[in-house]
Amino acid sequence: MKIVVCIKQVPDTTEVKINPQTGTLIREGVPSIMNPDDKGGLELALQLKDKYNAHVTVITMGLPQAEDILREALAMGVDRAILLTDRKLGGADTLATSNALAGALRNIEHDLIITGRQAIDGDTAQVGPQIAEHLDLPQVSYLESMEYDGNKTFTIRKQTEEGYQILEVDAPCLVTVLAPAFKARYMNVNGIVNAYNREVEVWGADKIDVADEKIGKAGSPTSVAKAFPKSLKPAGEQYEVDAEQAVGIIVSKLKEKFII
Amino acid sequence: MDFNLSKTENLFLQMIREFAEKEVKPLAAEIDEQERFPIETVEKMGKIGLMGIPIPTQYGGAGGTNMMYGMAVEELSRVCGTTGVVLSAHTSLCAAPILENGTEEQKMKYLPKLASGEWIGAFGLTEPNAGTDAAGQQTTAVLDGEEWVLNGSKIFITNGGYAHVYIIIAMTDKSLGTKGISAFIVEKGTPGFSIGKKEMKMGIRGSATTELIFENCRIPKDNLLGKIGGGFGIAMKTLDGGRIGIAAQALGIAQGAMDETVKYTRERKQFGRSISQFQNTQFQMADLETKVQAARLLVRSAHYKKDNGIPYSVDAAMAKLFCAETAMEVTTKAVQFHGGYGYTREYPVERMMRDAKITEIYEGTSEVQRMVIAGKLFKK
Amino acid sequence: MDTTQYKDVYVFCEQREGAVQSVAVELLGKARELADTLNEKVVAILLGKNITDKAQSLIAAGADKVLVVDNDLLKDYTTEPYTQAITQIINEQKPSILMIGATTIGRDLGPRLSARVCTGLTADCTKLEIGENRELLMTRPAFGGNLMATIVCKDHRPQMSTVRPGVMKKMTADNSRQGEIVEYPINFNQEKIARVRLVKTVKEDKGLVDISEAKILVSGGRGMGTKEGFEKLEELAGVLNAQVSSSRACVDAGVIDHSRQVGQTGKTVRPDLYIACGISGAIQHLAGMEESEFIVAINKDKFAPIFNVADVGIVGDANKIIPMLTERLKGMME
C-alpha cells in the first residue's frame with residue numbers, strides 16, 4: 001500500500017498574542033509547528049505502515065523553512081519527504097492550494113491520501129476534500145479509525161455530531177483525520193540522528209502539471225479584504241453585595257450577553 | 001567549539017521538550033507524593049530510544065551523542081528531577097561502563113536490552129563505610145572455579161530493585177588497595193543477591209534508592225567487567241561521566257525553577273503591580289539567569305569533550321559543582337519569590353528545592369568535586 | 001466569468017432523518033436579510049427522501065422558493081450524491097450566494113462542491129453582509145481566533161460560505177409567508193456514488209465529557225471543594241445546559257475527575273460563559289480559562305486574582321449564591 005500524507009507548517013496559534021496597545025498580531029517568536037490534525041494523519045499512516053508494511057510519503061507545500069516539519073516526519077518514520085515550494089504558489093487560498101497539491105499528488109503513486117481535518121491557522125477544513133475532488137477520489141472526512149481489508153476496501157469510522165458512521169470506501173481514496181483520534185508518536189531518537197542525513201526532495205511548480213492560472217494568487221477566487229484584531233475585553237466590574245443582589249446582578253449580566 | 005546547537009540537536013530538543021511536558025510533568029507531583037518509581041515513563045522512554053541515546057546502533061542504541069543525552073537529562077529534570085536521575089543513572093552508570101569496558105559478548109548481551117529500556121541499569125559503589133572514600137570497599141568477590149562469589153552490601157543505589165543490570169564494585173584483593181578492586185555485572189534475580197531497605201528521602205522521591213545485599217552470590221566468571229584490579233579505574237571514570245549527567249539534572253531543576261518563578265512573578269500582583277516589575281526581583285532573577293546559562297555552558301562543554309575524546313574529568317567536576325550549587329541557590333530563591341505559596345505543594349518549586357539538594361551530594365559531594373578540581377590545579 | 005448572470009441567495013438546508021437542522025433555519029434568516037438588501041430572492045435547497053412536507057417550514061423561515069430533490073440516494077448524507085445534486089442546481093440556476101451550515105456534513109460538502117464548481121468558499125463565517133458593489137463580505141476568525149478577517153470572492157460565483165450552528169439568529173417563523181415549492185430533477189452518476197457505501201449510522205452518548213467543547217462551564221475551586229459543593233454546581237449546570245469543571249485543588253482532593261480540570265495541568269477552555277465559583281485563580285488555572293468569552297467569578301476574597309480576568313466579579317460565598325442563582329434561573333425558564 002502506498003500512502004501519501006499532506007502536512008502543513010503552521011504558527012502555533014496558542015502562542016500567538018495580540019499587542020494590547022496597537023491591537024496587532026505579534027508573530028515574532030511564535031514557534032512554527034506541524035499542524036496537529038496533520039500529525040494525527042501522519043500517525044494513522046505510520047500505524048498502517050507498522051501493520052501492513054505500507055510505504056509512507058509526506059508532502060508539504062510552503063516556504064523553504066517548511067523543511068523542518070518534513071525532517072520531523074522523517075524522524076517519526078516516514079519513507080519519503082517532498083517539499084513543494086515556489087514563489088508562484090504563494091498567496092494561495094484553499095482552492096489554489098488544493099490545485100497545486102493535487103498536481104503534485106498526480107505524480108506520486110497512492111492508494112490512500114491522508115490530510116488533517118483542518119489547519120489551526122485557518123481552520124477551514126477545505127483543502128482535503130478539494131484535493132479529493134481535483135483527483136476524482138472518494139473522500140471521507142472526520143475519520144476516527146480505519147480498517148483495511150488488505151486489498152481494495154477501507155472500512156472507516158467517521159465522527160458525527162451525534163456519534164459515528166461506518167463507511168466502506170474503495171481505494172484509492174482520500175481521508176481527513178482528527179488529531180485527538182490518533183495520538184502522534186514521538187520522533188525516535190535514532191530517527192532524529194538520521195533525519196538530516198536523509199533526502200528531502202524539493203519540487204518547484206514545474207514539477208506539477210497544473211496551469212499557472214489555477215495556482216497561487218492568480219488561482220485563488222477568494223481574497224482578504226481586511227484583517228483586524230478581535231475587539232479587546234473591557235475591564236470587569238467587582239461587586240461587594242449580599243447574595244440576593246449578587247444573583248440579580250449575575251442574571252441581568254447574562255441576559256445582557258444573550259447567554260440566557 | 002560551536003556554541004549553537006546543530007539542526008539535529010534542535011530537532012532532538014523539540015522532541016524531548018514535548019515528551020517532558022506531556023509525559024513527565026503531569027506525573028511529577030504524584031510520584032513525589034507517593035514515592036513511586038515512574039515505571040510507565042521508563043517504558044515510554046525506551047520505546048523512542050531515550051534509554052540508549054549515546055549507545056551505538058550496532059548495540060541497539062540510538063547512535064546519538066552525549067551532548068544529546070545531557071540535553072535529555074536537563075529537559076526531563078526541568079519538569080521532574082526523579083525522571084532525570086533515573087535516566088542518568090541508567091545511562092551514565094550502567095550502560096556507559098559496559099560500552100567502555102565490556103567485551104563484545106557483554107556488549108551484545110546487555111546493551112540492546114538496556115538501550116530499549118527492557119532492562120534498567122544501576123551502579124553499586126557506595127557502602128556504609130565507603131562513600132566519598134570509595135577505596136574503602138568491603139564487598140568482596142572471590143573466584144571459585146568458574147564463578148565469582150560476592151559478599152557484602154551496597155547502599156543508596158539509584159534504580160535499586162527496578163534495575164535488571166547492576167555494575168558492582170568489589171574487592172578482589174584487599175592487599176592491593178585500590179588496585180585490588182574489580183567491577184562486575186550482576187543481574188537481578190541471581191541467587192544470593194537481594195534488595196534491602198528502601199530509603200525514605202527528602203527529594204527525588206520517585207526514584208528508588210535501596211540497599212543491595214550479596215550473600216554468597218555466585219555469578220559467572222565472564223561477568224567480570226574489564227580487568228581484574230581495574231575496578232577502581234572503571235568506577236572513577238564512570239563517575240566522571242555520571243557527574244555530567246547529574247550536572248545536567250541540577251541544571252534542569254534550576255531551569256525549571258526559573259521557569260516557574262518567571263511565570264509566577266509576572267502574574268502575582270502586590271501593591272498594585274506584578275512582582276516581576278520590582279527591581280529587587282529583576283536584579284536577583286538576572287543574576288540567577290546568568291548562573292543558569294553559565295551552568296549550561298559547563299555541562300555542554302564537558303559533553304563536547306567527552307564526545308570528541310578529549311579528557312573531561314575536571315570539566316565534569318566543575319560542571320557538577322557549579323550546576324548543583326546553582327540549582328540549590330535558584331530553587332531556594334524560587335521558593336522565596338513564591339512566598340507562602342512556594343512553601344506549599346500547590347506549586348512545584350517546593351519539590352524542586354528538595355530535589356536540588358541531592359545534586360550537591362551524590363556521585364561525589366561538592367567537596368569531592370573541589371578536591372578533583374584543586375588536584376588538577378596544584379598538580380605538578 | 002460574467003458575475004451579473006448570477007443572482008439570488010441560496011441556502012443548503014440540511015436535514016437528518018427527515019428533520020431540518022436548526023442551522024438551516026438560522027441561515028435562512030440571514031439569507032432573508034441579505035436578499036432584501038440585494039432585492040433578490042431566497043432559495044432553499046432541500047435534499048433527502050420523503051422530505052417534501054418540510055418545504056413549507058423553510059418558507060416560513062424566510063425562503064421564497066424551495067428546490068426539493070427527493071431521492072433514495074439522498075436519504076442519508078454522503079458526499080457524492082449531495083455534491084452532484086447541488087452542482088447541477090448551481091450550474092442551471094446560477095446562484096449569486098450559497099450558504100451552508102458548518103456541521104460535519106456542511107464542512108464535508110462545502111469544499112467538495114466549491115472545487116467541483118470552481119469557486120471560493122469561506123469557512124465558519126461569523127458575520128455576513130453586502131458590500132458597496134453588491135459583493136458578499138464574509139468575516140471569520142483567523143489565527144485561532146486571535147484575528148478577524150473579511151473575505152471576498154470577487155470574480156467567481158456563487159460566493160460560498162459556511163456558518164457554524166448558533167452563530168446567526170433565527171427569524172421568527174412566519175407561517176403566513178407564501179412561496180414556491182419545486183421538485184427538482186437530478187441526473188445522478190451512479191458509478192461515482194458507488195465508491196462510498198454507508199454501512200451504518202450510530203448515535204451514542206459520548207460518555208466522557210470534553211469540557212473544552214462546552215459552551216458554558218460552571219467551575220468549582222477550593223471554596224466549593226466538597227462533594228456537596230459540587231452537587232450545587234451540577235444543579236446550576238443542569239439549568240444552564242452547562243458542564244461542570246474544576247480547579248486543580250478539587251481534582252487533587254478527589255472531588256472530581258481529572259478530565260474536568262481546567263488549567264495548566266488540565267485543559268484549556270474557551271467557553272462562551274465561565275462561572276468560577278470559589279476559585280482563587282492561581283496562575284495555572286487562569287492560563288487555562290482566561291480566554292473565555294465571558295467570565296463570572298464568585299469568591300470570598302476580594303483580592304483573589306480570579307477577579308483580574310473576570311467580567312463580573314462577586315465578592316461573596318459561592319456556596320450561598322449558587323443555589324439561589326439556580327433557583328432564580330429555574331424560575332425564569334419555566
# chains A, B, ... in the order shown; residues from 1 in each chain; ligands from 1
$ residues_around --residues "segment 91-106 of chain C" --least-positions-apart "5" --cutoff "6 Å" --atoms "only C-alpha atoms" --output "ChimeraX atom specification"
/C:6-12,23,157-164
$ write_last_selection --atoms "C-alpha atoms" --output "CSV table (one decimal), in the first residue's frame"
chain,number,residue,atom,x,y,z
C,6,TYR,CA,-25.8,35.1,-11.1
C,7,LYS,CA,-28.5,36.1,-8.7
C,8,ASP,CA,-30.4,35.1,-5.5
C,9,VAL,CA,-29.3,33.8,-2.2
C,10,TYR,CA,-29.3,30.0,-1.8
C,11,VAL,CA,-29.2,28.1,1.4
C,12,PHE,CA,-28.4,24.4,1.6
C,23,VAL,CA,-28.7,25.8,11.5
C,157,ARG,CA,-19.8,32.7,-8.4
C,158,PRO,CA,-21.5,31.5,-6.3
C,159,GLN,CA,-20.0,33.2,-3.3
C,160,MET,CA,-20.0,30.3,-0.9
C,161,SER,CA,-19.7,30.4,2.8
C,162,THR,CA,-20.3,28.1,5.8
C,163,VAL,CA,-21.6,29.3,9.1
C,164,ARG,CA,-21.4,27.5,12.4
$ residues_around --residues "Asp136 of chain A" --least-positions-apart "2" --cutoff "10 Å" --atoms "only C-alpha atoms" --output "list in words"
Gln130, Ile131, Ala132, Glu133, His134, Pro138, Gln139, Pro172, Cys173 and Leu174 of chain A; Arg116 and Lys192 of chain C
$ residues_around --residues "segment 287-300 of chain B" --least-positions-apart "2" --cutoff "7 Å" --atoms "only C-alpha atoms" --output "PyMOL selection string"
chain B and resi 67+244+247-248+251+254-255+283-285+302-304+319+322-323+326+330
$ write_last_selection --atoms "N, CA and C atoms" --output "PDB file, in the first residue's frame"
ATOM      1  N   MET B  67      26.119  14.789  24.198  1.00  0.00           N
ATOM      2  CA  MET B  67      25.502  16.109  24.246  1.00  0.00           C
ATOM      3  C   MET B  67      23.971  15.973  24.264  1.00  0.00           C
ATOM      4  N   ILE B 244      28.547  14.497  34.809  1.00  0.00           N
ATOM      5  CA  ILE B 244      27.961  15.423  33.827  1.00  0.00           C
ATOM      6  C   ILE B 244      26.451  15.197  33.781  1.00  0.00           C
ATOM      7  N   ALA B 247      25.106  16.897  36.715  1.00  0.00           N
ATOM      8  CA  ALA B 247      25.167  18.338  36.449  1.00  0.00           C
ATOM      9  C   ALA B 247      23.979  18.742  35.579  1.00  0.00           C
ATOM     10  N   ALA B 248      23.685  17.921  34.563  1.00  0.00           N
ATOM     11  CA  ALA B 248      22.548  18.214  33.680  1.00  0.00           C
ATOM     12  C   ALA B 248      21.240  18.141  34.456  1.00  0.00           C
ATOM     13  N   LEU B 251      21.052  21.284  36.503  1.00  0.00           N
ATOM     14  CA  LEU B 251      20.764  22.383  35.576  1.00  0.00           C
ATOM     15  C   LEU B 251      19.274  22.403  35.215  1.00  0.00           C
ATOM     16  N   ALA B 254      17.229  23.644  38.080  1.00  0.00           N
ATOM     17  CA  ALA B 254      17.381  25.104  38.180  1.00  0.00           C
ATOM     18  C   ALA B 254      16.546  25.807  37.111  1.00  0.00           C
ATOM     19  N   GLN B 255      16.614  25.299  35.888  1.00  0.00           N
ATOM     20  CA  GLN B 255      15.853  25.919  34.806  1.00  0.00           C
ATOM     21  C   GLN B 255      14.357  25.823  35.083  1.00  0.00           C
ATOM     22  N   PHE B 283      16.730  42.205  39.492  1.00  0.00           N
ATOM     23  CA  PHE B 283      18.177  42.047  39.686  1.00  0.00           C
ATOM     24  C   PHE B 283      18.533  40.638  40.144  1.00  0.00           C
ATOM     25  N   GLN B 284      17.772  40.136  41.093  1.00  0.00           N
ATOM     26  CA  GLN B 284      18.064  38.777  41.564  1.00  0.00           C
ATOM     27  C   GLN B 284      17.872  37.759  40.451  1.00  0.00           C
ATOM     28  N   MET B 285      16.780  37.931  39.701  1.00  0.00           N
ATOM     29  CA  MET B 285      16.495  36.975  38.626  1.00  0.00           C
ATOM     30  C   MET B 285      17.545  37.068  37.512  1.00  0.00           C
ATOM     31  N   ALA B 302      31.575  20.050  28.792  1.00  0.00           N
ATOM     32  CA  ALA B 302      32.052  18.743  29.272  1.00  0.00           C
ATOM     33  C   ALA B 302      31.599  17.633  28.325  1.00  0.00           C
ATOM     34  N   HIS B 303      30.342  17.690  27.885  1.00  0.00           N
ATOM     35  CA  HIS B 303      29.856  16.660  26.968  1.00  0.00           C
ATOM     36  C   HIS B 303      30.514  16.769  25.591  1.00  0.00           C
ATOM     37  N   TYR B 304      30.798  17.991  25.203  1.00  0.00           N
ATOM     38  CA  TYR B 304      31.502  18.183  23.930  1.00  0.00           C
ATOM     39  C   TYR B 304      32.850  17.465  23.984  1.00  0.00           C
ATOM     40  N   ALA B 319      31.444  21.158  36.232  1.00  0.00           N
ATOM     41  CA  ALA B 319      30.041  21.246  35.828  1.00  0.00           C
ATOM     42  C   ALA B 319      29.143  20.811  36.975  1.00  0.00           C
ATOM     43  N   PHE B 322      29.251  23.363  39.981  1.00  0.00           N
ATOM     44  CA  PHE B 322      28.584  24.642  39.711  1.00  0.00           C
ATOM     45  C   PHE B 322      27.082  24.471  39.494  1.00  0.00           C
ATOM     46  N   CYS B 323      26.713  23.433  38.758  1.00  0.00           N
ATOM     47  CA  CYS B 323      25.283  23.205  38.495  1.00  0.00           C
ATOM     48  C   CYS B 323      24.544  22.890  39.789  1.00  0.00           C
ATOM     49  N   THR B 326      24.247  25.960  41.880  1.00  0.00           N
ATOM     50  CA  THR B 326      23.307  26.872  41.223  1.00  0.00           C
ATOM     51  C   THR B 326      21.869  26.393  41.425  1.00  0.00           C
ATOM     52  N   VAL B 330      19.098  28.656  43.091  1.00  0.00           N
ATOM     53  CA  VAL B 330      17.929  29.069  42.310  1.00  0.00           C
ATOM     54  C   VAL B 330      16.643  28.567  42.958  1.00  0.00           C
TER      55      VAL B 330
END
$ select_by_dssp --residues "segment 28-223 of chain A" --states "alpha helix (DSSP H)" --output "NGL selection string"
:A and (36-52 or 67-76 or 94-105 or 127-134 or 189-195)
$ closest_atom_pairs --of "chain A" --to "chain C" --cutoff "6 Å" --atoms "only C-alpha atoms" --output "JSON lines"
{"residue": "A:Thr13", "atom": "CA", "partner": "C:Gly144", "partner_atom": "CA", "distance": 5.5}
{"residue": "A:Asp121", "atom": "CA", "partner": "C:Phe143", "partner_atom": "CA", "distance": 4.5}
{"residue": "A:Gly122", "atom": "CA", "partner": "C:Ala142", "partner_atom": "CA", "distance": 5.6}
{"residue": "A:Thr124", "atom": "CA", "partner": "C:Ala123", "partner_atom": "CA", "distance": 5.2}
{"residue": "A:Gln126", "atom": "CA", "partner": "C:Pro111", "partner_atom": "CA", "distance": 5.0}
{"residue": "A:Pro129", "atom": "CA", "partner": "C:Arg112", "partner_atom": "CA", "distance": 5.2}
{"residue": "A:Gln130", "atom": "CA", "partner": "C:Arg112", "partner_atom": "CA", "distance": 5.2}
{"residue": "A:Glu133", "atom": "CA", "partner": "C:Arg112", "partner_atom": "CA", "distance": 5.9}
{"residue": "A:Glu162", "atom": "CA", "partner": "C:Lys203", "partner_atom": "CA", "distance": 5.2}
{"residue": "A:Gly163", "atom": "CA", "partner": "C:Lys203", "partner_atom": "CA", "distance": 4.4}
{"residue": "A:Tyr164", "atom": "CA", "partner": "C:Val202", "partner_atom": "CA", "distance": 5.3}
{"residue": "A:Gln165", "atom": "CA", "partner": "C:Thr201", "partner_atom": "CA", "distance": 4.4}
{"residue": "A:Ile166", "atom": "CA", "partner": "C:Val199", "partner_atom": "CA", "distance": 5.3}
{"residue": "A:Leu167", "atom": "CA", "partner": "C:Leu198", "partner_atom": "CA", "distance": 4.5}
{"residue": "A:Glu168", "atom": "CA", "partner": "C:Arg197", "partner_atom": "CA", "distance": 5.0}
{"residue": "A:Val169", "atom": "CA", "partner": "C:Val196", "partner_atom": "CA", "distance": 4.6}
{"residue": "A:Asp170", "atom": "CA", "partner": "C:Arg195", "partner_atom": "CA", "distance": 5.5}
{"residue": "A:Pro221", "atom": "CA", "partner": "C:Gly120", "partner_atom": "CA", "distance": 4.9}
{"residue": "A:Thr222", "atom": "CA", "partner": "C:Cys153", "partner_atom": "CA", "distance": 4.3}
{"residue": "A:Ser223", "atom": "CA", "partner": "C:Val152", "partner_atom": "CA", "distance": 5.6}
{"residue": "A:Val224", "atom": "CA", "partner": "C:Ile151", "partner_atom": "CA", "distance": 4.5}
{"residue": "A:Ala225", "atom": "CA", "partner": "C:Thr150", "partner_atom": "CA", "distance": 5.5}
{"residue": "A:Lys226", "atom": "CA", "partner": "C:Thr150", "partner_atom": "CA", "distance": 5.3}
{"residue": "A:Ala227", "atom": "CA", "partner": "C:Ala149", "partner_atom": "CA", "distance": 4.2}
{"residue": "A:Phe228", "atom": "CA", "partner": "C:Met148", "partner_atom": "CA", "distance": 5.3}
{"residue": "A:Pro229", "atom": "CA", "partner": "C:Leu147", "partner_atom": "CA", "distance": 4.6}
{"residue": "A:Lys230", "atom": "CA", "partner": "C:Leu147", "partner_atom": "CA", "distance": 5.5}
{"residue": "A:Gly236", "atom": "CA", "partner": "C:Asp311", "partner_atom": "CA", "distance": 3.8}
{"residue": "A:Glu237", "atom": "CA", "partner": "C:Val312", "partner_atom": "CA", "distance": 5.2}
{"residue": "A:Gln238", "atom": "CA", "partner": "C:Gly313", "partner_atom": "CA", "distance": 4.3}
{"residue": "A:Tyr239", "atom": "CA", "partner": "C:Ile314", "partner_atom": "CA", "distance": 5.0}
{"residue": "A:Glu240", "atom": "CA", "partner": "C:Val315", "partner_atom": "CA", "distance": 5.0}
{"residue": "A:Ala243", "atom": "CA", "partner": "C:Ile321", "partner_atom": "CA", "distance": 5.4}
{"residue": "A:Val247", "atom": "CA", "partner": "C:Leu325", "partner_atom": "CA", "distance": 5.3}
$ interface_residues --of "chain C" --to "chain B" --cutoff "9 Å" --atoms "only C-alpha atoms" --output "ChimeraX atom specification"
/C:248-249,265,282-283,305
